[in-house]
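Enquirer: This is the structure, below, for whatever I ask next.
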Amino acid sequence: MGLFSFLNKEIAIDLGTANTLIIYKDQVVVDEPSIVAIDKKTNQVIAVGKKAMMMHEKTHANIETIRPLKDGVIADFTAAEAMIRGLISMISDTSRWFRPSLTMVICIPSGITEVEKRAVVESAERANARERYLIHEPMAAALGIGLDVEMPEGHMIIDIGGGTTEIAVIALSGIVTDQSIRVAGDEFTLDIVEYVKRQHNILIGERTAEQVKIHVGSALQDLETPPEDYPVHGRDLLTGIPKQVTVSYSEIAGCLDKSISKIEEAIMKALESTPPELASDIYRKGLYLTGGGALLRGLDKRIAMKTKLPVRVADDPLRAVVRGTGIALKNRDRFTFLMS
């Protein structure tokens, strides 16, 4: 039995567009950007995760950085497999001599197609998964924030990740109604790149735009405790010379307005299609925000103003989905909503 447990590992994976997290033995052991760096001459993997992200948009002709997931699904099959293998190898007690067979629970967007689902399964199999189960992101998020998903009570989860925003009403271990839109953190980043280019005539990269989003990102143009203006460095489009400009949170709130409005529309659609008895549960309990997008300043207040409902941001929203995936892994015999 001891040898079998050594050769078999049980892991839960939140395979995200922006970040991938892995739980092993009830601990988050891997929390890395979903990116891989490859040598174009040899097709060998040079770096995975944070090391690859440090190279992103700074590579020369022989090195390419690839983000294997786009809009929450696998866009590059080979790179995804290499990334999963590389991240699994970061688990501290992975042996150099034995490749353990793996039991995996992987979370997927609720709006995923059968073809996209198959790509996830095949990537897991090629990374040596003996057993693999899939769980929808909103269900994992609900488990991760401590909701009892098996009860005959309605809960609305809004999970704003890197590639997709998942909105679902959950009751009796199932998703009653859901909306999955491909507007989320990556779209916010692109909005910032476009705004700085249009307004300040400066070209910035994704990494810089991500830092702008973290430091001065906002969903409201009027915050009670506003962050300080943030200096942004990029290339002047007229002269080609590196230049610095300063942006404020209200500017960024303006440039993100369209994308946030799309998320609000999807929330309203999900509420409109919710059965009345579950709608009354949601009225009493409010909406739950998870995912990296939940950290955007003022987003909870903006959604609350739109829906006239209380909005709660989960504790540690970035890890809610992976925590729920870990709970599903431990209780996979009990939860009927896991897909094999």
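Chain labels A, B, ... are given in the sequence in which chains occur in the structure tokens; within each chain residues are numbered consecutively from 1, and ligands are likewise numbered from 1 in the order shown.
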Do a neighbour search on Met53 of chain A at 9 Å with only C-alpha atoms, toss out local chain neighbours closer than 5 positions, and write the hits as a PyMOL selection string.
Expert: chain A and resi 33-37+47-48+65+207
Enquirer: Give me the residues near Ile63 of chain A as a PDB file with N, CA and C atoms, in the first residue's frame, where near means some atom within 12 Å (using only C-alpha atoms) and where sequence neighbours in that chain fewer than 6 positions away do not count.
Expert:
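What landed in result_36.pdb:
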```
ATOM      1  N   VAL A  36       4.664  29.056 -21.000  1.00  0.00           N
ATOM      2  CA  VAL A  36       5.824  28.181 -21.193  1.00  0.00           C
ATOM      3  C   VAL A  36       6.750  28.842 -22.216  1.00  0.00           C
ATOM      4  N   ALA A  37       8.069  28.707 -21.995  1.00  0.00           N
ATOM      5  CA  ALA A  37       9.068  29.234 -22.943  1.00  0.00           C
ATOM      6  C   ALA A  37       9.715  28.057 -23.657  1.00  0.00           C
ATOM      7  N   ILE A  38       9.782  28.147 -24.990  1.00  0.00           N
ATOM      8  CA  ILE A  38      10.269  27.035 -25.804  1.00  0.00           C
ATOM      9  C   ILE A  38      11.391  27.500 -26.720  1.00  0.00           C
ATOM     10  N   ASP A  39      12.427  26.649 -26.861  1.00  0.00           N
ATOM     11  CA  ASP A  39      13.507  26.892 -27.815  1.00  0.00           C
ATOM     12  C   ASP A  39      12.988  26.507 -29.200  1.00  0.00           C
ATOM     13  N   LYS A  40      12.891  27.456 -30.106  1.00  0.00           N
ATOM     14  CA  LYS A  40      12.284  27.206 -31.417  1.00  0.00           C
ATOM     15  C   LYS A  40      13.131  26.280 -32.290  1.00  0.00           C
ATOM     16  N   LYS A  41      14.439  26.217 -32.027  1.00  0.00           N
ATOM     17  CA  LYS A  41      15.310  25.350 -32.831  1.00  0.00           C
ATOM     18  C   LYS A  41      15.142  23.887 -32.454  1.00  0.00           C
ATOM     19  N   THR A  42      15.067  23.626 -31.142  1.00  0.00           N
ATOM     20  CA  THR A  42      15.026  22.232 -30.666  1.00  0.00           C
ATOM     21  C   THR A  42      13.642  21.795 -30.192  1.00  0.00           C
ATOM     22  N   ASN A  43      12.714  22.751 -30.062  1.00  0.00           N
ATOM     23  CA  ASN A  43      11.378  22.486 -29.502  1.00  0.00           C
ATOM     24  C   ASN A  43      11.427  22.004 -28.055  1.00  0.00           C
ATOM     25  N   GLN A  44      12.518  22.287 -27.371  1.00  0.00           N
ATOM     26  CA  GLN A  44      12.654  21.911 -25.963  1.00  0.00           C
ATOM     27  C   GLN A  44      12.080  23.009 -25.067  1.00  0.00           C
ATOM     28  N   VAL A  45      11.486  22.588 -23.952  1.00  0.00           N
ATOM     29  CA  VAL A  45      10.961  23.547 -22.978  1.00  0.00           C
ATOM     30  C   VAL A  45      12.119  24.147 -22.184  1.00  0.00           C
ATOM     31  N   ILE A  46      12.209  25.473 -22.177  1.00  0.00           N
ATOM     32  CA  ILE A  46      13.281  26.162 -21.443  1.00  0.00           C
ATOM     33  C   ILE A  46      12.815  26.520 -20.038  1.00  0.00           C
ATOM     34  N   ALA A  47      11.590  26.997 -19.942  1.00  0.00           N
ATOM     35  CA  ALA A  47      11.070  27.446 -18.635  1.00  0.00           C
ATOM     36  C   ALA A  47       9.554  27.361 -18.629  1.00  0.00           C
ATOM     37  N   ALA A  52       9.219  31.599 -17.121  1.00  0.00           N
ATOM     38  CA  ALA A  52       8.803  31.874 -18.495  1.00  0.00           C
ATOM     39  C   ALA A  52       8.160  33.248 -18.603  1.00  0.00           C
ATOM     40  N   MET A  55      10.455  36.062 -19.144  1.00  0.00           N
ATOM     41  CA  MET A  55      10.955  36.159 -20.522  1.00  0.00           C
ATOM     42  C   MET A  55       9.905  36.732 -21.473  1.00  0.00           C
ATOM     43  N   HIS A  56       8.623  36.723 -21.062  1.00  0.00           N
ATOM     44  CA  HIS A  56       7.528  37.100 -21.959  1.00  0.00           C
ATOM     45  C   HIS A  56       7.702  38.521 -22.492  1.00  0.00           C
ATOM     46  N   GLU A  57       7.585  38.655 -23.810  1.00  0.00           N
ATOM     47  CA  GLU A  57       7.734  39.918 -24.545  1.00  0.00           C
ATOM     48  C   GLU A  57       9.154  40.478 -24.474  1.00  0.00           C
TER      49      GLU A  57
END
```
Enquirer: Give me the residues of segment 174-274 of chain A that have any atom at most 8 Å from an atom of segment 300-308 of chain A; for each, the nearest atom pair and the distance in Å, rounded to one decimal. Use only C-alpha atoms, sort by chain and number, and format it as a Markdown table.
Expert:
```
| residue | atom | partner | partner_atom | distance |
| --- | --- | --- | --- | --- |
| A:Ala219 | CA | A:Arg302 | CA | 6.9 |
| A:Leu220 | CA | A:Arg302 | CA | 6.9 |
| A:Glu264 | CA | A:Ile303 | CA | 6.7 |
| A:Met268 | CA | A:Thr307 | CA | 7.3 |
```
Enquirer: Got a sec: who's within 8 Å of Val212 of chain A, counting only C-alpha atoms, leaving out chain neighbours fewer than 4 positions off, as a VMD selection string?
Expert: chain A and resid 192 208 216 to 217 230 232
Enquirer: Please produce an output containing N, CA, C and O atoms for each residue in the selection, written as a CSV table (one decimal), in the first residue's frame.
Expert:
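The resulting file, again-v4.csv, is reproduced below:
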```csv
chain,number,residue,atom,x,y,z
A,192,ILE,N,-6.6,48.3,-21.4
A,192,ILE,CA,-5.6,49.2,-20.8
A,192,ILE,C,-4.5,49.5,-21.9
A,192,ILE,O,-4.1,50.7,-22.1
A,208,THR,N,3.2,45.2,-18.5
A,208,THR,CA,3.0,46.6,-18.0
A,208,THR,C,1.5,46.9,-17.7
A,208,THR,O,1.2,47.4,-16.6
A,216,VAL,N,-3.7,50.5,-10.2
A,216,VAL,CA,-4.8,51.5,-10.3
A,216,VAL,C,-6.1,51.1,-10.9
A,216,VAL,O,-6.9,51.9,-11.3
A,217,GLY,N,-6.2,49.7,-11.1
A,217,GLY,CA,-7.4,49.2,-11.7
A,217,GLY,C,-8.6,49.5,-10.9
A,217,GLY,O,-8.6,49.4,-9.7
A,230,TYR,N,-0.3,56.1,-11.1
A,230,TYR,CA,0.8,55.1,-11.3
A,230,TYR,C,1.6,55.5,-12.6
A,230,TYR,O,1.1,55.8,-13.6
A,232,VAL,N,3.7,54.9,-15.8
A,232,VAL,CA,3.7,53.9,-16.9
A,232,VAL,C,4.8,54.2,-17.9
A,232,VAL,O,4.9,55.3,-18.4
```
Enquirer: Going by DSSP on the backbone, which residues of segment 24-105 of chain A come out as helix (DSSP H, G or I)? List them as a PyMOL selection string.
Expert: chain A and resi 50-55+77-88
Enquirer: Nearest to Tyr288 of chain A among A:Val313, A:Ile214, A:Ala124, A:Gly162, with distances taken over only C-alpha atoms: which residue is it?
Expert: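 Of A:Val313, A:Ile214, A:Ala124, A:Gly162, the one nearest Tyr288 of chain A, counting only C-alpha atoms, is A:Val313.
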Enquirer: Pick out the residues sitting within 10 Å of segment 104-115 of chain A, and hand them over as a PyMOL selection string; count only C-alpha atoms, and ignore anything fewer than 4 positions along from it in its own chain.
Expert: chain A and resi 9-16+22-23+71-73+119-121+124-125+128-141+159+161+163-168+175+178-182+321-322+324-330+332+338-340
Enquirer: Would you please work out which residue, of A:Ile157, A:Ala127, A:Ala294, A:Ile204, is nearest to Gln244 of chain A when using only C-alpha atoms?
Expert: A:Ile204
Enquirer: May I have all residues of segment 68-232 of chain A that DSSP, computed from the backbone, assigns to strand (DSSP E or B), given as JSON, numbers by chain?
Expert: {"A": [69, 70, 73, 74, 101, 102, 103, 104, 105, 106, 107, 108, 129, 130, 131, 132, 133, 134, 135, 136, 155, 156, 157, 158, 159, 160, 165, 166, 167, 168, 169, 170, 171, 174, 175, 176, 177, 178, 179, 180, 181, 202, 203, 218, 230, 231, 232]}
Enquirer: Find, counting only C-alpha atoms, the residue in A:Ala270, A:Ile88, A:Val149, A:Leu21 that gets nearest to Ser173 of chain A.
Expert: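 Counting only C-alpha atoms, the residue closest to Ser173 of chain A is A:Val149.
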Enquirer: Please identify all polymer residues within 12 Å of Gly254 of chain A, counting only C-alpha atoms, omitting same-chain residues fewer than 5 positions from it, and present them as an NGL selection string.
Expert: :A and (188 or 191-192 or 195-196 or 199 or 216-222 or 247-249 or 259-261)
Enquirer: Using only C-alpha atoms, which of the listed residues (A:Thr189, A:Ser123, A:Ser250, A:Asn201) sits closest to His233 of chain A?
Expert: A:Asn201
Enquirer: Atom CA of Asp186 of chain A to atom CA of Asp236 of chain A: how many Å, to one decimal?
Expert: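 Computing the Euclidean distance for atom CA of Asp186 of chain A and atom CA of Asp236 of chain A yields 23.4 Å.
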Enquirer: Between atom CA of Ile74 of chain A and atom CA of Glu194 of chain A, measure the distance and give it in Å to one decimal.
Expert: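 Taking atom CA of Ile74 of chain A and atom CA of Glu194 of chain A, their separation equals 25.3 Å.
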Enquirer: Pick from A:Val169, A:Ala80, A:Glu150, A:Ile91: nearest to Arg334 of chain A, with only C-alpha atoms counted?
Expert: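 Closest to Arg334 of chain A, using only C-alpha atoms: A:Glu150.
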